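Reading through the structure tokens given below for one structure.
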2 protein chains.
Amino acid sequence: MRAALASPLLAAVASPRRREILRLVWNSELAAGDIHRAMPDVTFGAVSLQLKALSKAGLVHSRADGNHRLYRARRAELGPVGRMLENMWKDQLWKLKLLVELEQSRRGPRPRKKTRKSHSSRTA
Amino acid sequence: MRAALASPLLAAVASPRRREILRLVWNSELAAGDIHRAMPDVTFGAVSLQLKALSKAGLVHSRADGNHRLYRARRAELGPVGRMLENMWKDQLWKLKLLVELEQSRRGPRPRKKTRKSHSSRTA
DNA sequence: CATCTATTTTAGTTTCAACTAAAGTAGATA
DNA sequence: TATCTACTTTAGTTGAAACTAAAATAGATG
């Protein structure tokens, strides 16, 4: 057997970043770009990869819309996990915890350069 | 800001291994050795480290008992997460998912030798 | 004290997740 | 067709998680 981290669904939800995305598309369908605009501290590519991960884990649905790709949470499919998320989001104390997590947790390479306005910052 | 995986509580629960442990001590207080005996595919050291992680994340309580150290889940403190776990454990479909996860997910070095009966396998 | 038993800790390895930068794809539009 | 915009994919980096083996700690017991 032998196991560790990474269960598709719970692992998807364990990442504050993906939870952030999930929340954005919980009640409205958003384009990848909209989602990226809501989290400008990461590249578009990073957001796209997380969306792909969420898709693969079955947490979000996506559809093409001309030039855009629209995403929305597959709430019904999440069962107990979805209920947990909704409860966490309602709960003020948990909101605080999320903030701390977002500040504390960090992985991957740090940005090489200080400027973060390269590829397409149209600032909404 | 900048974030990624690893939120103390949800990350703790995202690991099938830790969920396995958590379930063992959900309704009864168990010694570290008992827990290890229930998961013979990993070393005692590995179990101990996971218990430490669970402790630090506030998911379990521990107390000394002579030679032993007894662990139990801090169910009340887990809020929505605890409820999710209980629901998942009740749900047969989710049980199946956990099995798949335990088989598929894997990290860390593979065992160097085939014999796994080195340090203290008293086989209960 | 010596030693057994239960557990933790340390050091080192491997695998993986989250990122970046840059290249690639695809629809719309001139 | 060329080009803009929206998005995805690839290659490569970094940090951390899950382990192993072995050493260290600590309580019980002769």
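Starting from 1 in every chain, residues are counted up; chains themselves are A, B, ... following the order of the structure tokens, and ligands are numbered from 1 as listed.
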Polymer residues at most 12 Å from C:DA28, only C-alpha atoms (C1' of nucleotides), same-chain spacing of 2 or more positions, as a PyMOL selection string:
(chain A and resi 65-68) or (chain C and resi 26+30) or (chain D and resi 3-6)
For the residues selected in the previous step, produce a file with N, CA and C atoms (P, O5', C5', C4', C3', O3' and C1' of nucleotides) as a tab-separated table (two decimals), in the first residue's frame.
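Saved to result_1.tsv:
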```tsv
chain	number	residue	atom	x	y	z
A	65	ASP	N	-16.00	29.72	-24.30
A	65	ASP	CA	-16.91	30.80	-24.66
A	65	ASP	C	-16.14	31.74	-25.56
A	66	GLY	N	-16.13	31.42	-26.83
A	66	GLY	CA	-15.33	32.20	-27.79
A	66	GLY	C	-13.88	32.13	-27.37
A	67	ASN	N	-13.35	33.27	-27.17
A	67	ASN	CA	-11.96	33.39	-26.79
A	67	ASN	C	-11.69	32.93	-25.36
A	68	HIS	N	-12.72	32.96	-24.55
A	68	HIS	CA	-12.54	32.72	-23.12
A	68	HIS	C	-12.82	31.28	-22.74
C	26	DA	P	-4.83	24.11	-31.23
C	26	DA	O5'	-6.01	25.15	-31.03
C	26	DA	C5'	-6.39	25.53	-29.70
C	26	DA	C4'	-7.24	26.78	-29.78
C	26	DA	C3'	-7.90	27.00	-31.15
C	26	DA	O3'	-9.19	27.53	-30.92
C	26	DA	C1'	-6.67	28.87	-30.60
C	30	DA	P	-12.70	44.23	-36.23
C	30	DA	O5'	-11.56	44.85	-37.15
C	30	DA	C5'	-10.35	45.35	-36.55
C	30	DA	C4'	-9.19	45.24	-37.53
C	30	DA	C3'	-9.45	45.92	-38.88
C	30	DA	O3'	-8.30	46.64	-39.30
C	30	DA	C1'	-8.88	43.66	-39.22
D	3	DT	P	1.91	40.85	-38.49
D	3	DT	O5'	0.80	41.00	-37.37
D	3	DT	C5'	-0.31	41.88	-37.59
D	3	DT	C4'	-1.28	41.75	-36.43
D	3	DT	C3'	-0.61	41.59	-35.07
D	3	DT	O3'	-1.27	42.41	-34.15
D	3	DT	C1'	-2.20	39.93	-35.36
D	4	DC	P	-0.41	43.08	-32.98
D	4	DC	O5'	-1.52	43.05	-31.83
D	4	DC	C5'	-2.81	43.67	-32.09
D	4	DC	C4'	-3.87	42.88	-31.36
D	4	DC	C3'	-3.53	42.59	-29.90
D	4	DC	O3'	-4.46	43.21	-29.04
D	4	DC	C1'	-4.37	40.65	-31.02
D	5	DT	P	-4.15	43.15	-27.44
D	5	DT	O5'	-5.33	42.27	-26.86
D	5	DT	C5'	-6.52	42.00	-27.62
D	5	DT	C4'	-7.08	40.68	-27.14
D	5	DT	C3'	-6.80	40.37	-25.67
D	5	DT	O3'	-8.02	39.99	-25.07
D	5	DT	C1'	-6.13	38.55	-27.02
D	6	DA	P	-8.14	39.61	-23.55
D	6	DA	O5'	-8.11	38.02	-23.64
D	6	DA	C5'	-9.30	37.34	-24.03
D	6	DA	C4'	-9.06	35.87	-23.84
D	6	DA	C3'	-8.69	35.49	-22.41
D	6	DA	O3'	-9.54	34.43	-22.03
D	6	DA	C1'	-7.09	34.62	-23.93
```
Residues of chain C within 8 Å of chain B, counting only C-alpha atoms (C1' of nucleotides), as a list in words
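Selected residues: DT5, DA6, DT7, DT8, DT13, DT14, DT15, DC16, DA17 and DA18 of chain C.
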The selected residues should be written to file as a PDB file, in the first residue's frame (atoms: N, CA and C atoms (P, O5', C5', C4', C3', O3' and C1' of nucleotides)).
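Result went into again33.pdb, see below:
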```
ATOM      1  P    DT C   5      12.001  -6.203  25.545  1.00  0.00           P
ATOM      2  O5'  DT C   5      10.579  -5.585  25.938  1.00  0.00           O
ATOM      3  C5'  DT C   5      10.347  -4.925  27.165  1.00  0.00           C
ATOM      4  C4'  DT C   5       9.742  -3.567  26.910  1.00  0.00           C
ATOM      5  C3'  DT C   5       9.150  -3.359  25.510  1.00  0.00           C
ATOM      6  O3'  DT C   5       7.838  -2.878  25.662  1.00  0.00           O
ATOM      7  C1'  DT C   5      10.569  -1.557  26.062  1.00  0.00           C
ATOM      8  P    DA C   6       6.927  -2.486  24.436  1.00  0.00           P
ATOM      9  O5'  DA C   6       7.037  -0.900  24.486  1.00  0.00           O
ATOM     10  C5'  DA C   6       6.359  -0.203  25.537  1.00  0.00           C
ATOM     11  C4'  DA C   6       6.450   1.280  25.250  1.00  0.00           C
ATOM     12  C3'  DA C   6       5.889   1.670  23.875  1.00  0.00           C
ATOM     13  O3'  DA C   6       5.007   2.764  24.063  1.00  0.00           O
ATOM     14  C1'  DA C   6       8.107   2.466  24.118  1.00  0.00           C
ATOM     15  P    DT C   7       4.180   3.314  22.851  1.00  0.00           P
ATOM     16  O5'  DT C   7       5.149   4.482  22.334  1.00  0.00           O
ATOM     17  C5'  DT C   7       5.425   5.561  23.242  1.00  0.00           C
ATOM     18  C4'  DT C   7       6.594   6.373  22.756  1.00  0.00           C
ATOM     19  C3'  DT C   7       6.398   7.037  21.411  1.00  0.00           C
ATOM     20  O3'  DT C   7       6.003   8.379  21.616  1.00  0.00           O
ATOM     21  C1'  DT C   7       8.633   6.335  21.825  1.00  0.00           C
ATOM     22  P    DT C   8       5.947   9.420  20.460  1.00  0.00           P
ATOM     23  O5'  DT C   8       7.468   9.942  20.435  1.00  0.00           O
ATOM     24  C5'  DT C   8       7.986  10.557  21.617  1.00  0.00           C
ATOM     25  C4'  DT C   8       9.353  11.133  21.327  1.00  0.00           C
ATOM     26  C3'  DT C   8       9.379  12.173  20.215  1.00  0.00           C
ATOM     27  O3'  DT C   8      10.187  13.236  20.683  1.00  0.00           O
ATOM     28  C1'  DT C   8      10.936  10.480  19.731  1.00  0.00           C
ATOM     29  P    DT C  13      21.754  11.496   1.466  1.00  0.00           P
ATOM     30  O5'  DT C  13      20.386  10.858   0.947  1.00  0.00           O
ATOM     31  C5'  DT C  13      20.070   9.517   1.284  1.00  0.00           C
ATOM     32  C4'  DT C  13      18.751   9.147   0.639  1.00  0.00           C
ATOM     33  C3'  DT C  13      18.602   9.669  -0.776  1.00  0.00           C
ATOM     34  O3'  DT C  13      18.186   8.599  -1.624  1.00  0.00           O
ATOM     35  C1'  DT C  13      16.764  10.377   0.544  1.00  0.00           C
ATOM     36  P    DT C  14      17.955   8.888  -3.154  1.00  0.00           P
ATOM     37  O5'  DT C  14      16.372   9.104  -3.235  1.00  0.00           O
ATOM     38  C5'  DT C  14      15.522   8.070  -2.751  1.00  0.00           C
ATOM     39  C4'  DT C  14      14.090   8.526  -2.933  1.00  0.00           C
ATOM     40  C3'  DT C  14      13.792   9.012  -4.352  1.00  0.00           C
ATOM     41  O3'  DT C  14      12.638   8.319  -4.792  1.00  0.00           O
ATOM     42  C1'  DT C  14      13.142  10.645  -2.760  1.00  0.00           C
ATOM     43  P    DT C  15      12.089   8.465  -6.224  1.00  0.00           P
ATOM     44  O5'  DT C  15      10.796   9.363  -5.969  1.00  0.00           O
ATOM     45  C5'  DT C  15       9.890   8.950  -4.947  1.00  0.00           C
ATOM     46  C4'  DT C  15       8.901  10.054  -4.721  1.00  0.00           C
ATOM     47  C3'  DT C  15       8.296  10.612  -6.015  1.00  0.00           C
ATOM     48  O3'  DT C  15       6.907  10.647  -5.818  1.00  0.00           O
ATOM     49  C1'  DT C  15       9.135  12.358  -4.681  1.00  0.00           C
ATOM     50  P    DC C  16       5.944  10.976  -7.023  1.00  0.00           P
ATOM     51  O5'  DC C  16       5.394  12.417  -6.581  1.00  0.00           O
ATOM     52  C5'  DC C  16       4.905  12.577  -5.249  1.00  0.00           C
ATOM     53  C4'  DC C  16       4.780  14.038  -4.967  1.00  0.00           C
ATOM     54  C3'  DC C  16       4.087  14.799  -6.102  1.00  0.00           C
ATOM     55  O3'  DC C  16       3.143  15.639  -5.501  1.00  0.00           O
ATOM     56  C1'  DC C  16       6.077  15.873  -5.494  1.00  0.00           C
ATOM     57  P    DA C  17       1.898  16.072  -6.359  1.00  0.00           P
ATOM     58  O5'  DA C  17       1.462  17.454  -5.687  1.00  0.00           O
ATOM     59  C5'  DA C  17       1.746  17.714  -4.325  1.00  0.00           C
ATOM     60  C4'  DA C  17       2.065  19.180  -4.171  1.00  0.00           C
ATOM     61  C3'  DA C  17       1.237  20.086  -5.069  1.00  0.00           C
ATOM     62  O3'  DA C  17       0.895  21.225  -4.312  1.00  0.00           O
ATOM     63  C1'  DA C  17       3.536  20.432  -5.502  1.00  0.00           C
ATOM     64  P    DA C  18      -0.115  22.271  -4.836  1.00  0.00           P
ATOM     65  O5'  DA C  18       0.830  23.520  -5.160  1.00  0.00           O
ATOM     66  C5'  DA C  18       1.446  24.206  -4.093  1.00  0.00           C
ATOM     67  C4'  DA C  18       2.352  25.254  -4.672  1.00  0.00           C
ATOM     68  C3'  DA C  18       1.666  26.184  -5.678  1.00  0.00           C
ATOM     69  O3'  DA C  18       1.940  27.513  -5.300  1.00  0.00           O
ATOM     70  C1'  DA C  18       3.654  25.289  -6.583  1.00  0.00           C
TER      71       DA C  18
END
```
Given a cut-off of 6 Å, which residues of chain D touch chain A, counting only C-alpha atoms (C1' of nucleotides), written out as a list in words?
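Filtering chain D at 6 Å from chain A with only C-alpha atoms (C1' of nucleotides) gives DA6, DT14, DG15 and DA18 of chain D.
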Selection above as a file: C-alpha atoms (C1' of nucleotides), as a PDB file, in the first residue's frame:
```pdb
ATOM      1  C1'  DA D   6      -7.095  34.621 -23.930  1.00  0.00           C
ATOM      2  C1'  DT D  14      12.670  25.415  -5.181  1.00  0.00           C
ATOM      3  C1'  DG D  15      10.811  23.980  -0.863  1.00  0.00           C
ATOM      4  C1'  DA D  18       6.734  11.413   3.619  1.00  0.00           C
TER       5       DA D  18
END
```
Can you pull out every residue from stretch 5-83 of chain B that DSSP, working from the backbone, puts in helix (DSSP H, G or I), and format the result as a ChimeraX atom specification?
/B:8-14,16-24,32-38,44-56,75-83
In Å, rounded to a single decimal, give me how far atom CA of B:Ala76 is from atom CA of B:Val42.
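Result for atom CA of B:Val42 versus atom CA of B:Ala76: 28.8 Å, one decimal.
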Stretch 23-29 of chain A surroundings by only C-alpha atoms (C1' of nucleotides), 10 Å radius, close-in-sequence under 5 positions cut, as JSON, numbers by chain
{"A": [17, 18, 34, 35, 38, 60, 61, 62, 63, 69, 70, 71, 72, 73, 74, 75, 82, 85, 86, 89]}
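Interatomic distance, atom C1' of D:DA17 against atom CA of B:Ser15: 10.1 Å.
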Contact residues around stretch 21-23 of chain C with only C-alpha atoms (C1' of nucleotides) at 10 Å, ignoring same-chain residues under 3 positions, as an NGL selection string:
(:A and (43 or 45 or 112)) or (:D and (9-12))
Given the selection you just returned, output its residues as a file containing N, CA and C atoms (P, O5', C5', C4', C3', O3' and C1' of nucleotides), formatted as a short mmCIF file (atom, residue, chain, number, x, y, z; two decimals), in the first residue's frame.
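Resulting contents of part_18.cif:
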```
data_model
loop_
_atom_site.label_atom_id
_atom_site.label_comp_id
_atom_site.auth_asym_id
_atom_site.auth_seq_id
_atom_site.Cartn_x
_atom_site.Cartn_y
_atom_site.Cartn_z
N THR A 43 1.31 34.23 -11.53
CA THR A 43 1.19 34.39 -12.98
C THR A 43 -0.09 33.74 -13.48
N GLY A 45 -0.16 31.67 -15.82
CA GLY A 45 0.17 30.26 -15.98
C GLY A 45 -0.11 29.45 -14.74
N ARG A 112 11.96 35.95 -9.52
CA ARG A 112 13.36 36.30 -9.81
C ARG A 112 13.55 37.81 -9.82
P DT D 9 -3.48 22.35 -21.47
"O5'" DT D 9 -1.94 22.27 -21.86
"C5'" DT D 9 -1.53 22.68 -23.17
"C4'" DT D 9 0.00 22.75 -23.21
"C3'" DT D 9 0.71 21.71 -22.36
"O3'" DT D 9 1.59 21.03 -23.24
"C1'" DT D 9 1.59 23.89 -21.94
P DT D 10 2.52 19.86 -22.74
"O5'" DT D 10 3.94 20.58 -22.55
"C5'" DT D 10 4.46 21.38 -23.62
"C4'" DT D 10 5.84 21.89 -23.22
"C3'" DT D 10 6.69 20.91 -22.43
"O3'" DT D 10 7.99 20.93 -22.99
"C1'" DT D 10 6.50 22.95 -21.25
P DA D 11 9.06 19.85 -22.55
"O5'" DA D 11 10.07 20.76 -21.73
"C5'" DA D 11 10.41 22.07 -22.23
"C4'" DA D 11 11.32 22.74 -21.23
"C3'" DA D 11 12.18 21.79 -20.39
"O3'" DA D 11 13.44 22.41 -20.20
"C1'" DA D 11 10.82 23.07 -18.96
P DG D 12 14.58 21.66 -19.40
"O5'" DG D 12 14.65 22.54 -18.08
"C5'" DG D 12 14.69 23.98 -18.21
"C4'" DG D 12 14.55 24.57 -16.84
"C3'" DG D 12 15.34 23.82 -15.75
"O3'" DG D 12 15.99 24.76 -14.92
"C1'" DG D 12 13.10 24.06 -15.10
#
```
Of the residues A:Leu51, A:Glu20, A:Ala57, A:Pro8, which is the one nearest to A:Met39, using only C-alpha atoms?
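Using only C-alpha atoms, the shortest distance to A:Met39 belongs to A:Glu20.
The nearest approach to chain B among the residues A:Gly58, A:Arg37, A:Ile21, A:Pro80, with only C-alpha atoms taken into account, belongs to A:Pro80.
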With distances taken over only C-alpha atoms, which of A:Pro40, A:Lys90, A:Ala64, A:Val81 is nearest to chain B?
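Selected residue with least distance to chain B: A:Val81.
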The distance between atom CA of A:Leu78 and atom CA of A:Val13 is 10.3 Å
